[in-house]
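Asks: Input file: entry-v5.txt. Contents: compact mmCIF, C-alpha atoms.
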```txt
# COMPACT_ATOMS: atom_id res chain seq x y z
CA ILE C 1 -46.37 -24.11 -95.57
CA GLU C 2 -45.17 -20.73 -96.82
CA ALA C 3 -48.70 -19.33 -96.56
CA LYS C 4 -49.00 -20.50 -92.96
CA TYR C 5 -45.59 -19.05 -92.14
CA ARG C 6 -46.59 -15.65 -93.60
CA LYS C 7 -49.83 -15.71 -91.63
CA VAL C 8 -48.10 -16.47 -88.33
CA LYS C 9 -45.48 -13.84 -89.05
CA ASN C 10 -48.12 -11.20 -89.76
CA LEU C 11 -49.99 -12.07 -86.58
CA TYR C 12 -46.78 -11.79 -84.56
CA PHE C 13 -45.92 -8.32 -85.88
CA GLU C 14 -49.51 -7.13 -85.55
CA ARG C 15 -49.56 -8.22 -81.91
CA ASN C 16 -46.25 -6.47 -81.24
CA SER C 17 -47.54 -3.25 -82.79
CA GLU C 18 -50.72 -3.51 -80.70
CA ILE C 19 -48.65 -3.94 -77.51
CA GLU C 20 -46.54 -0.90 -78.37
CA ARG C 21 -49.67 1.14 -79.07
CA LEU C 22 -51.16 0.19 -75.69
CA GLN C 23 -47.90 1.03 -73.92
CA ASN C 24 -47.78 4.45 -75.58
CA THR C 25 -51.39 5.14 -74.65
CA LEU C 26 -50.73 4.23 -71.02
CA ALA C 27 -47.61 6.40 -70.92
CA HIS C 28 -49.52 9.38 -72.34
CA GLN C 29 -52.24 8.90 -69.72
CA ARG C 30 -49.67 8.85 -66.94
CA LEU C 31 -47.98 11.96 -68.29
CA ALA C 32 -51.32 13.72 -68.50
CA GLN C 33 -52.13 12.81 -64.88
CA SER C 34 -48.62 13.54 -63.61
CA ARG C 35 -48.48 17.03 -62.17
CA THR C 36 -45.61 18.48 -60.22
CA SER C 37 -45.98 21.91 -58.70
CA LEU C 38 -42.49 21.93 -57.15
CA ASP C 39 -39.63 19.45 -57.44
CA ASP C 40 -38.12 17.68 -54.43
CA SER C 41 -35.22 20.08 -54.00
CA GLU C 42 -37.58 23.07 -53.95
CA TYR C 43 -39.76 21.42 -51.31
CA VAL C 44 -36.69 20.66 -49.21
CA SER C 45 -35.53 24.27 -49.55
CA ARG C 46 -38.91 25.69 -48.50
CA PHE C 47 -39.26 23.38 -45.51
CA GLU C 48 -35.73 24.31 -44.44
CA ARG C 49 -36.74 27.99 -44.60
CA LEU C 50 -39.80 27.17 -42.49
CA ASP C 51 -37.63 25.33 -39.96
CA GLY C 52 -35.23 28.26 -39.79
CA ALA C 53 -38.06 30.76 -39.22
CA ILE C 54 -39.48 28.57 -36.43
CA LYS C 55 -36.04 28.34 -34.80
CA ASN C 56 -35.70 32.12 -34.83
CA VAL C 57 -39.05 32.69 -33.14
CA ALA C 58 -38.43 29.92 -30.60
CA PHE C 59 -35.08 31.47 -29.68
CA GLU C 60 -36.65 34.93 -29.48
CA ILE C 61 -39.30 33.85 -26.96
CA ARG C 62 -37.20 31.40 -24.92
CA GLN C 63 -37.02 33.83 -21.96
CA SER C 64 -40.68 34.84 -22.05
CA TRP C 65 -42.43 31.55 -21.21
CA LYS C 66 -44.62 31.50 -18.13
CA THR C 67 -46.43 28.16 -18.69
CA ILE C 68 -45.74 25.05 -20.75
CA PRO C 69 -48.38 23.83 -23.24
CA PRO C 70 -50.33 20.94 -21.64
CA TRP C 71 -49.31 18.34 -24.24
CA LEU C 72 -45.61 19.01 -23.47
CA GLN C 73 -45.83 19.02 -19.67
CA SER C 74 -45.14 15.28 -19.36
CA VAL C 75 -41.82 15.62 -21.23
CA THR C 76 -40.62 18.90 -19.68
CA ASN C 77 -38.90 19.27 -16.32
CA HIS C 78 -40.53 21.25 -13.55
CA GLY C 79 -39.17 24.80 -13.40
CA THR C 80 -37.71 24.76 -16.90
CA GLU C 81 -39.53 27.95 -17.86
CA VAL C 82 -37.71 29.71 -14.99
CA LYS C 83 -34.23 28.39 -15.80
CA VAL C 84 -34.52 29.45 -19.46
CA GLY C 85 -32.23 26.81 -20.93
CA ARG C 86 -32.02 25.04 -24.23
CA GLU C 87 -35.05 23.00 -23.26
CA MET C 88 -37.30 26.05 -23.64
CA THR C 89 -36.05 26.68 -27.16
CA VAL C 90 -36.99 23.12 -28.06
CA VAL C 91 -40.39 23.61 -26.42
CA GLY C 92 -40.95 26.66 -28.61
CA ARG C 93 -39.96 24.78 -31.77
CA ALA C 94 -42.28 21.91 -30.90
CA SER C 95 -45.24 24.15 -30.09
CA ILE C 96 -45.00 26.19 -33.30
CA SER C 97 -44.31 23.17 -35.55
CA ARG C 98 -47.33 21.27 -34.32
CA TRP C 99 -49.50 24.38 -34.61
CA VAL C 100 -48.48 24.80 -38.26
CA ILE C 101 -49.40 21.18 -38.98
CA ASP C 102 -52.75 21.23 -37.17
CA GLU C 103 -53.95 24.70 -38.09
CA ILE C 104 -52.64 25.14 -41.65
CA LEU C 105 -51.37 22.08 -43.52
CA GLU C 106 -53.91 19.61 -42.10
CA ARG C 107 -56.84 22.03 -41.96
CA PHE C 108 -57.18 23.78 -45.33
CA PHE C 109 -57.53 22.15 -48.75
CA HIS C 110 -56.28 25.25 -50.58
CA PRO C 111 -55.74 28.79 -49.22
CA GLY C 112 -57.21 30.34 -52.39
CA LEU C 113 -60.70 29.01 -51.62
CA ASP C 114 -63.29 30.21 -49.16
CA ALA C 115 -62.21 29.12 -45.67
CA GLY C 116 -65.37 27.14 -44.93
CA LEU C 117 -65.28 25.30 -48.26
CA SER C 118 -61.54 24.67 -47.92
CA ILE C 119 -61.93 23.12 -44.46
CA HIS C 120 -64.81 20.91 -45.67
CA LEU C 121 -62.86 19.65 -48.70
CA LYS C 122 -59.84 18.86 -46.51
CA THR C 123 -62.09 16.83 -44.20
CA ILE C 124 -63.35 14.84 -47.19
CA GLU C 125 -59.80 14.20 -48.42
CA GLN C 126 -58.71 12.94 -45.01
CA GLY C 127 -61.87 10.81 -44.76
CA ILE C 128 -60.93 8.85 -47.90
CA ARG C 129 -57.86 7.43 -46.19
CA ARG C 130 -59.35 7.31 -42.69
CA ASN C 131 -62.44 5.32 -43.74
CA HIS C 132 -60.49 2.95 -45.99
CA PRO C 133 -59.42 -0.45 -44.58
CA GLU C 134 -55.82 -0.43 -43.44
CA PRO C 135 -53.56 -1.51 -46.32
CA HIS C 136 -51.59 -4.70 -45.71
CA SER C 137 -49.09 -4.41 -48.57
CA ILE C 138 -47.16 -1.81 -50.52
CA GLU C 139 -49.43 -2.33 -53.53
CA GLU C 140 -52.55 -1.63 -51.48
CA ASP C 141 -50.99 1.50 -49.98
CA ASP C 142 -49.99 2.75 -53.43
CA ALA C 143 -53.51 2.10 -54.71
CA LEU C 144 -54.96 4.08 -51.80
CA SER C 145 -52.54 6.97 -52.44
CA SER C 146 -53.55 7.00 -56.11
CA LYS C 147 -57.21 7.09 -55.09
CA VAL C 148 -56.62 10.11 -52.85
CA CYS C 149 -54.51 11.92 -55.47
CA ASN C 150 -57.04 11.30 -58.26
CA TRP C 151 -59.86 12.70 -56.11
CA ARG C 152 -57.79 15.75 -55.20
CA LEU C 153 -56.79 16.50 -58.80
CA THR C 154 -60.34 15.99 -60.05
CA THR C 155 -61.63 18.38 -57.39
CA LEU C 156 -59.02 20.98 -58.35
CA ASP C 157 -60.03 20.67 -62.01
CA ALA C 158 -63.60 21.41 -61.01
CA LEU C 159 -62.47 24.43 -58.95
CA ARG C 160 -60.00 25.77 -61.49
CA GLN C 161 -62.13 28.78 -62.33
CA ASP C 162 -62.39 29.73 -58.65
CA LEU C 163 -58.64 29.37 -58.10
CA GLN C 164 -57.83 31.51 -61.14
CA ASN C 165 -60.27 34.20 -60.06
CA PRO C 166 -58.66 37.43 -58.75
CA ASN C 167 -60.74 36.95 -55.63
CA ALA C 168 -58.56 33.94 -54.74
CA ALA C 169 -55.57 36.19 -53.98
CA GLU C 170 -57.71 38.28 -51.65
CA LEU C 171 -58.95 35.15 -49.85
CA LYS C 172 -55.38 33.96 -49.46
CA ALA C 173 -54.21 37.30 -48.01
CA ARG C 174 -57.18 37.40 -45.63
CA LEU C 175 -56.49 33.86 -44.45
CA THR C 176 -52.80 34.64 -43.93
CA GLN C 177 -53.60 37.63 -41.75
CA HIS C 178 -56.10 35.59 -39.74
CA LEU C 179 -53.56 32.80 -39.16
CA VAL C 180 -50.89 35.28 -38.05
CA GLU C 181 -53.21 36.73 -35.43
CA LYS C 182 -54.25 33.23 -34.35
CA LEU C 183 -50.67 31.98 -33.87
CA VAL C 184 -49.66 35.14 -31.98
CA ALA C 185 -52.67 34.75 -29.68
CA SER C 186 -51.85 31.06 -29.15
CA LEU C 187 -48.29 31.88 -28.10
CA GLN C 188 -49.28 34.84 -25.92
CA THR C 189 -51.38 32.57 -23.68
CA HIS C 190 -48.12 30.96 -22.52
CA LEU C 191 -45.85 34.03 -22.55
CA HIS C 192 -45.21 36.87 -20.12
CA GLU C 193 -46.28 40.40 -20.95
CA PRO C 194 -44.97 42.27 -22.80
CA THR C 195 -44.16 39.84 -25.60
CA PRO C 196 -40.82 40.14 -27.44
CA PRO C 197 -40.87 42.90 -30.06
CA GLY C 198 -39.83 40.56 -32.90
CA LEU C 199 -42.65 38.07 -32.32
CA LEU C 200 -45.08 39.48 -34.89
CA GLY C 201 -42.51 39.67 -37.68
CA GLY C 202 -41.24 36.14 -37.05
CA VAL C 203 -44.75 34.69 -36.90
CA SER C 204 -45.70 36.47 -40.15
CA MET C 205 -42.77 34.82 -41.93
CA ILE C 206 -43.71 31.37 -40.57
CA VAL C 207 -47.32 31.70 -41.69
CA GLU C 208 -46.42 33.04 -45.14
CA ILE C 209 -44.08 30.12 -45.85
CA ALA C 210 -46.62 27.59 -44.54
CA VAL C 211 -49.45 29.08 -46.60
CA GLY C 212 -47.24 29.01 -49.69
CA LEU C 213 -46.61 25.30 -49.12
CA ALA C 214 -50.34 24.74 -48.60
CA CYS C 215 -50.94 26.28 -52.05
CA ASN C 216 -48.54 23.90 -53.81
CA LEU C 217 -49.07 20.60 -51.99
CA PRO C 218 -52.63 19.98 -53.30
CA LEU C 219 -51.47 20.44 -56.91
CA GLU C 220 -49.17 17.41 -56.72
CA SER C 221 -50.11 14.14 -58.36
CA ARG C 222 -47.85 12.56 -55.73
CA ASP C 223 -49.04 11.98 -52.20
CA VAL C 224 -46.82 14.27 -50.10
CA ARG C 225 -47.27 13.54 -46.41
CA VAL C 226 -46.33 16.08 -43.74
CA TRP C 227 -46.66 14.98 -40.11
CA TYR C 228 -45.38 15.77 -36.63
CA PRO C 229 -44.06 12.98 -34.31
CA LEU C 230 -45.87 13.31 -31.00
CA PRO C 231 -44.15 12.56 -27.67
CA GLY C 232 -44.11 8.86 -26.85
CA VAL C 233 -44.18 7.46 -30.39
CA PRO C 234 -41.44 4.89 -31.22
CA PHE C 235 -38.29 6.29 -32.76
CA ASP C 236 -38.02 5.52 -36.49
CA GLY C 237 -34.70 6.31 -38.09
CA LYS C 238 -36.35 6.35 -41.52
CA PHE C 239 -38.32 9.50 -40.72
CA MET C 240 -36.43 10.95 -37.73
CA LYS C 241 -32.93 12.06 -36.75
CA VAL C 242 -31.62 12.33 -33.18
CA GLU C 243 -30.48 15.78 -32.12
CA GLY C 244 -28.13 16.81 -29.30
CA GLN C 245 -28.63 16.21 -25.61
CA LEU C 246 -31.29 17.82 -23.45
CA PRO C 247 -31.32 17.92 -19.64
CA PRO C 248 -32.57 14.50 -18.43
CA LEU C 249 -36.24 14.22 -17.56
CA VAL C 250 -35.99 14.12 -13.75
CA GLN C 251 -39.20 15.72 -12.52
CA PRO C 252 -41.80 16.26 -15.27
CA ILE C 253 -44.48 18.86 -14.75
CA ALA C 254 -47.30 16.35 -15.21
CA GLY C 255 -47.77 12.65 -15.78
CA GLY C 256 -44.35 11.50 -14.52
CA GLU C 257 -42.65 10.08 -11.46
CA GLY C 258 -40.39 11.88 -9.07
CA PRO C 259 -36.62 11.76 -9.06
CA ALA C 260 -34.97 8.37 -8.82
CA SER C 261 -31.81 7.17 -7.12
CA GLU C 262 -28.97 5.28 -8.77
CA GLY C 263 -30.06 2.17 -10.61
CA GLY C 264 -33.55 3.54 -11.21
CA ASP C 265 -34.84 2.62 -7.69
CA LYS C 266 -37.06 5.15 -5.96
CA MET C 267 -35.57 6.71 -2.87
CA GLU C 268 -36.94 5.41 0.42
CA VAL C 269 -36.84 6.82 3.96
CA ASP C 270 -35.28 4.61 6.62
CA GLN C 271 -37.72 4.04 9.45
CA GLN C 272 -34.75 3.88 11.84
CA ASN C 273 -33.49 7.26 10.61
CA PRO C 274 -36.48 9.53 9.99
CA GLY C 275 -34.32 12.48 8.97
CA GLY C 276 -32.62 10.40 6.31
CA GLU C 277 -29.42 12.37 6.65
CA GLU C 278 -27.13 9.37 7.11
CA ASN C 279 -28.57 7.66 4.06
CA GLY C 280 -28.15 10.70 1.86
CA VAL C 281 -31.88 11.54 1.76
CA GLY C 282 -32.52 15.14 2.76
CA LYS C 283 -35.62 16.69 4.25
CA ASP C 284 -36.54 18.49 1.06
CA ALA C 285 -40.03 17.43 0.02
CA SER C 286 -39.01 17.60 -3.64
CA LEU C 287 -36.85 14.51 -3.12
CA LYS C 288 -39.87 12.39 -2.24
CA PRO C 289 -41.17 10.47 -5.23
CA SER C 290 -44.68 11.33 -6.36
CA GLY C 291 -45.61 7.65 -6.60
CA SER C 292 -44.85 6.90 -2.90
CA ALA C 293 -46.98 4.26 -1.18
CA ASN C 294 -47.73 6.70 1.61
CA GLY C 295 -49.17 9.28 -0.75
CA PRO C 296 -47.81 12.65 -1.76
CA GLY C 297 -46.96 15.37 0.65
CA VAL C 298 -45.38 13.33 3.49
CA PRO C 299 -43.40 16.02 5.35
CA GLY C 300 -39.68 15.57 5.90
CA GLY C 301 -38.59 14.56 9.38
CA GLN C 302 -41.50 12.14 9.94
CA SER C 303 -40.89 8.44 9.97
CA VAL C 304 -42.52 6.25 7.35
CA ASN C 305 -43.71 2.83 8.52
CA ARG C 306 -42.50 0.15 6.15
CA GLU C 307 -43.06 -2.95 8.29
CA THR C 308 -45.01 -5.73 6.63
CA SER C 309 -47.37 -8.12 8.42
CA ASN C 310 -46.72 -11.85 8.57
CA SER C 311 -50.01 -12.54 6.81
CA SER C 312 -48.81 -10.99 3.55
CA ASN C 313 -47.64 -14.44 2.32
CA LYS C 314 -44.77 -12.91 0.37
CA SER C 315 -42.19 -15.38 -0.83
CA ALA C 316 -39.22 -13.09 -0.10
CA GLU C 317 -38.39 -10.76 2.73
CA GLN C 318 -38.61 -7.10 1.82
CA PRO C 319 -35.27 -5.28 2.20
CA LYS C 320 -35.22 -2.27 4.47
CA ALA C 321 -34.28 1.21 3.48
CA LYS C 322 -31.53 1.44 0.93
CA PRO C 323 -28.86 4.10 0.91
CA ARG C 324 -28.27 6.23 -2.10
CA GLY C 325 -25.54 3.90 -3.30
CA GLY C 326 -27.67 0.78 -2.78
CA MET C 327 -27.35 -0.33 -6.36
CA THR C 328 -23.56 -0.46 -6.07
CA GLU C 329 -23.78 -2.53 -2.86
CA ARG C 330 -26.14 -5.01 -4.49
CA LEU C 331 -23.86 -5.48 -7.47
CA ARG C 332 -20.87 -6.07 -5.18
CA GLN C 333 -22.79 -8.62 -3.11
CA ARG C 334 -23.94 -10.45 -6.25
CA VAL C 335 -20.38 -10.71 -7.49
CA GLN C 336 -19.37 -12.14 -4.09
CA GLU C 337 -22.21 -14.66 -4.29
CA ALA C 338 -21.18 -15.73 -7.80
CA THR C 339 -17.60 -16.36 -6.68
CA GLY C 340 -18.64 -18.13 -3.47
CA ARG C 341 -17.63 -15.32 -1.10
CA GLY C 342 -20.03 -14.06 1.45
CA HIS C 343 -22.40 -17.01 1.00
CA SER C 344 -21.48 -18.81 4.19
CA ASN C 345 -22.54 -15.94 6.46
CA ASN C 346 -25.97 -15.69 4.92
CA SER C 347 -26.52 -19.45 4.85
CA GLN C 348 -25.59 -19.78 8.53
CA ALA C 349 -28.11 -17.12 9.46
CA GLY C 350 -30.82 -18.90 7.46
CA ILE C 351 -31.40 -15.84 5.30
CA PRO C 352 -31.04 -16.05 1.54
CA PRO C 353 -28.41 -13.75 0.02
CA ILE C 354 -29.60 -10.37 -1.15
CA GLY C 355 -31.05 -10.63 -4.63
CA GLN C 356 -31.61 -14.42 -4.40
CA PRO C 357 -35.29 -15.45 -4.20
CA THR C 358 -36.44 -17.58 -1.29
CA PRO C 359 -37.16 -21.19 -2.41
CA ALA C 360 -40.82 -22.12 -2.67
CA GLY C 361 -42.33 -23.24 0.62
CA GLN C 362 -39.45 -21.93 2.74
CA GLN C 363 -40.20 -19.28 5.36
CA PRO C 364 -37.65 -16.63 6.30
CA GLY C 365 -35.37 -18.00 9.01
CA GLY C 366 -35.90 -21.64 7.93
CA PRO C 367 -33.32 -24.09 6.55
CA PRO C 368 -30.66 -22.49 4.38
CA PRO C 369 -30.99 -22.76 0.60
CA PRO C 370 -28.68 -25.11 -1.31
CA PRO C 371 -25.27 -23.61 -2.07
CA LEU C 372 -24.61 -22.06 -5.45
CA LEU C 373 -22.81 -24.28 -7.94
CA LYS C 374 -19.23 -23.39 -8.81
CA GLY C 375 -16.78 -24.35 -11.48
CA ASN C 376 -18.19 -24.80 -14.97
CA SER C 377 -21.80 -24.88 -13.80
CA GLN C 378 -24.00 -21.89 -14.29
CA VAL C 379 -24.98 -19.50 -11.48
CA SER C 380 -28.58 -18.27 -11.61
CA LEU C 381 -29.05 -14.69 -10.51
CA PRO C 382 -32.19 -12.56 -10.57
CA THR C 383 -32.70 -10.52 -13.70
CA ASP C 384 -33.74 -7.04 -12.57
CA GLY C 385 -31.67 -5.23 -15.17
CA VAL C 386 -28.39 -7.17 -14.60
CA GLN C 387 -27.72 -10.75 -15.71
CA GLY C 388 -24.38 -12.25 -14.70
CA GLY C 389 -22.86 -8.79 -14.43
CA GLN C 390 -23.94 -7.88 -17.97
CA PRO C 391 -26.54 -5.13 -18.58
CA SER C 392 -29.87 -6.14 -20.10
CA LYS C 393 -30.77 -5.27 -23.67
CA GLU C 394 -31.55 -1.65 -24.29
CA GLU C 395 -35.23 -0.84 -24.60
CA PRO C 396 -36.55 0.64 -27.86
CA LYS C 397 -36.25 4.41 -28.03
CA THR C 398 -39.31 6.62 -27.88
CA VAL C 399 -39.59 10.23 -28.91
CA ARG C 400 -39.47 12.65 -26.01
CA ILE C 401 -40.01 15.78 -28.09
CA ALA C 402 -39.69 16.70 -31.78
CA GLY C 403 -38.46 20.07 -32.98
CA PHE C 404 -39.93 19.97 -36.49
CA MET C 405 -42.06 17.91 -38.87
CA ALA C 406 -41.23 15.02 -41.19
CA VAL C 407 -41.98 15.17 -44.93
CA GLU C 408 -42.18 12.19 -47.28
CA VAL C 409 -43.47 11.32 -50.71
CA ARG C 410 -45.44 8.17 -49.96
CA GLY C 411 -43.76 5.12 -51.38
CA ARG C 412 -40.91 7.07 -52.98
CA SER C 413 -38.58 9.22 -50.88
CA ILE C 414 -38.05 11.06 -47.60
CA LEU C 415 -37.69 14.79 -48.12
CA VAL C 416 -37.21 16.00 -44.52
CA LYS C 417 -36.42 14.02 -41.38
CA ALA C 418 -37.91 15.26 -38.13
CA PRO C 419 -35.30 16.31 -35.52
CA VAL C 420 -36.18 14.56 -32.26
CA TRP C 421 -34.85 14.16 -28.72
CA CYS C 422 -35.31 10.76 -27.06
```
Please express what this file holds, its structure, as C-alpha cells.

Replies:
Amino acid sequence: IEAKYRKVKNLYFERNSEIERLQNTLAHQRLAQSRTSLDDSEYVSRFERLDGAIKNVAFEIRQSWKTIPPWLQSVTNHGTEVKVGREMTVVGRASISRWVIDEILERFFHPGLDAGLSIHLKTIEQGIRRNHPEPHSIEEDDALSSKVCNWRLTTLDALRQDLQNPNAAELKARLTQHLVEKLVASLQTHLHEPTPPGLLGGVSMIVEIAVGLACNLPLESRDVRVWYPLPGVPFDGKFMKVEGQLPPLVQPIAGGEGPASEGGDKMEVDQQNPGGEENGVGKDASLKPSGSANGPGVPGGQSVNRETSNSSNKSAEQPKAKPRGGMTERLRQRVQEATGRGHSNNSQAGIPPIGQPTPAGQQPGGPPPPPLLKGNSQVSLPTDGVQGGQPSKEEPKTVRIAGFMAVEVRGRSILVKAPVWC
C-alpha cells in the first residue's frame, strides 16, 4: 500500500510540475508576441492633439466655404456656407477628419515604406477581415483580430531591415509633403480664393500628427481600430458622444424634403385661397415642399387642385387645406371627441369626426358611426404620433454629422469617442 501511495503521489507532483511548465511556456510566448508601441494614455493624448489641430483649421476656414462636400449636402442646410455659422465649423471638422481616415490611416500600411508597397500591404491587411465570415461571438471576433495582428507583426518582422534603413525617413518625409499638398488641394476645391493664410501651417500639423500615428499603429500586437461615423448610421453611446445643438435641418442642400409645418405635416395651399395669406402660407417659393404632388416649381399665387374623384375608393375623406396651426386644432378636436364634446355635430352631419377613420363599407355622408364609449371603457383614437394625448415612443437616434473619429482597442477598451450631432 505504501508503494502505491508513493507512486500516486509522485505522479501527482509530476503532473503539477508539467502544468506549471506549460503555463510558463505559454506566458513567455504571449510576452514575446506582445508589442506595445504606445500606451493607451499616449494614444489618447495624440488623438486629442489631432482633434485640436483639426478644430483650428476648421475654425480658420469657416468663412471661406463656397460649396459643401457632396457627402455632407444631405445633412447641411441650404445657404449655410453664406451664413457662416457654427454649422460650417462642424462641416470643416467632418471633412478633414474623414479625409485623414480615408487617405492616411486606412490607406498606408506604414509611412516608412515605398508608397506603392505600403498601399498594397494595407489592402491585404483589410482583405483578411473583409473576406472572413462575419464573427458571431466575442471569441470568434477575438480570434479574427489575433489573425490580423499576427499577419501584421510577421510582415513587419520581414520588413524590419527596410524600416530601419535611413531611406525610410526620406520616404516618410516625402509622403508627408505629398499628403499636405493633397489635403490643401482637396480643401481649396470648396473654398473661395484666396485661401486663409494659416491654412498651410494648420494642414501641415494635421498631416504630421496623423503620419506619426500611422507609424505606431502597425507595431501594436493589439488591434487598434480607428473609424469615422458616417451620416445616417445609428447612434451608439459606446463609441459616440453627443455634442451641442446645431441649427435644425430644415432645408438640406440635397436628398431632403422641404420645410415642414407644426406637427411634421407638409404645408399645403388652400384651393379656395390661392395666395395662402389667410392660412399663413406666403407666396415665397421656398416655402413649397420639394416633395409636392404637383411637382417642384409651382409658382406662388396659382391655385393647386386638390379635389379627388369619386372613383378613388378611399375609405376616408381627405381633409382640405390645413392652416399652419392645424396640428393644434386636431389635438383639441380629439380631446373633445374623447370627452364626448363635439361628437353630436359631426354625427348629425353624417361625417366622422376628424381623425376618426370611416367604418368599413360606409360611404361619406352615410349613416353616422356608433358613438364613442365613455366611462371606464377605452376610447380608440388614430395613432399618427399621438395616442390618447400621449406622444409616441421616440425613434432611435441617427448620426447627422460627426466632428471626429472614434478609436477603440478591439475587445478591450474605448480610447476616443467620436463627437456627433444627431

Asks: Show me the residues close to (-57.1, 15.2, -55.7) - anything with an atom within 12 Å, counting all atoms listed in the file - and format the list as a PDB file with C-alpha atoms, in the frame of the given file.

Replies:
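The resulting out.pdb:
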```
ATOM      1  CA  GLN C  33     -52.130  12.810 -64.880  1.00  0.00           C
ATOM      2  CA  SER C  34     -48.620  13.540 -63.610  1.00  0.00           C
ATOM      3  CA  ARG C  35     -48.480  17.030 -62.170  1.00  0.00           C
ATOM      4  CA  PHE C 109     -57.530  22.150 -48.750  1.00  0.00           C
ATOM      5  CA  HIS C 110     -56.280  25.250 -50.580  1.00  0.00           C
ATOM      6  CA  LEU C 121     -62.860  19.650 -48.700  1.00  0.00           C
ATOM      7  CA  LYS C 122     -59.840  18.860 -46.510  1.00  0.00           C
ATOM      8  CA  ILE C 124     -63.350  14.840 -47.190  1.00  0.00           C
ATOM      9  CA  GLU C 125     -59.800  14.200 -48.420  1.00  0.00           C
ATOM     10  CA  GLN C 126     -58.710  12.940 -45.010  1.00  0.00           C
ATOM     11  CA  ILE C 128     -60.930   8.850 -47.900  1.00  0.00           C
ATOM     12  CA  LEU C 144     -54.960   4.080 -51.800  1.00  0.00           C
ATOM     13  CA  SER C 145     -52.540   6.970 -52.440  1.00  0.00           C
ATOM     14  CA  SER C 146     -53.550   7.000 -56.110  1.00  0.00           C
ATOM     15  CA  LYS C 147     -57.210   7.090 -55.090  1.00  0.00           C
ATOM     16  CA  VAL C 148     -56.620  10.110 -52.850  1.00  0.00           C
ATOM     17  CA  CYS C 149     -54.510  11.920 -55.470  1.00  0.00           C
ATOM     18  CA  ASN C 150     -57.040  11.300 -58.260  1.00  0.00           C
ATOM     19  CA  TRP C 151     -59.860  12.700 -56.110  1.00  0.00           C
ATOM     20  CA  ARG C 152     -57.790  15.750 -55.200  1.00  0.00           C
ATOM     21  CA  LEU C 153     -56.790  16.500 -58.800  1.00  0.00           C
ATOM     22  CA  THR C 154     -60.340  15.990 -60.050  1.00  0.00           C
ATOM     23  CA  THR C 155     -61.630  18.380 -57.390  1.00  0.00           C
ATOM     24  CA  LEU C 156     -59.020  20.980 -58.350  1.00  0.00           C
ATOM     25  CA  ASP C 157     -60.030  20.670 -62.010  1.00  0.00           C
ATOM     26  CA  ALA C 158     -63.600  21.410 -61.010  1.00  0.00           C
ATOM     27  CA  LEU C 159     -62.470  24.430 -58.950  1.00  0.00           C
ATOM     28  CA  LEU C 217     -49.070  20.600 -51.990  1.00  0.00           C
ATOM     29  CA  PRO C 218     -52.630  19.980 -53.300  1.00  0.00           C
ATOM     30  CA  LEU C 219     -51.470  20.440 -56.910  1.00  0.00           C
ATOM     31  CA  GLU C 220     -49.170  17.410 -56.720  1.00  0.00           C
ATOM     32  CA  SER C 221     -50.110  14.140 -58.360  1.00  0.00           C
ATOM     33  CA  ARG C 222     -47.850  12.560 -55.730  1.00  0.00           C
ATOM     34  CA  ASP C 223     -49.040  11.980 -52.200  1.00  0.00           C
ATOM     35  CA  VAL C 224     -46.820  14.270 -50.100  1.00  0.00           C
TER      36      VAL C 224
END
```

Asks: Which is closer to C:Ala210 than all the others in C:Gln164, C:Ser97, C:Asn77, C:Ser118, using only C-alpha atoms?

Replies: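 Selected residue with least distance to C:Ala210: C:Ser97.
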
Asks: Distance atom CA of C:Val226-atom CA of C:Ile54, one decimal place?

Replies: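 Between atom CA of C:Val226 and atom CA of C:Ile54 the gap works out to 16.0 Å.
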
Asks: Record the distance separating atom CA of C:Pro252 and atom CA of C:Thr76, expressed in Å with one decimal.

Replies: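 Pair atom CA of C:Pro252 / atom CA of C:Thr76 returns 5.3 Å.
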
Asks: So how many Å separate atom CA of C:Tyr228 and atom CA of C:Phe404, to one decimal?

Replies: 6.9 Å
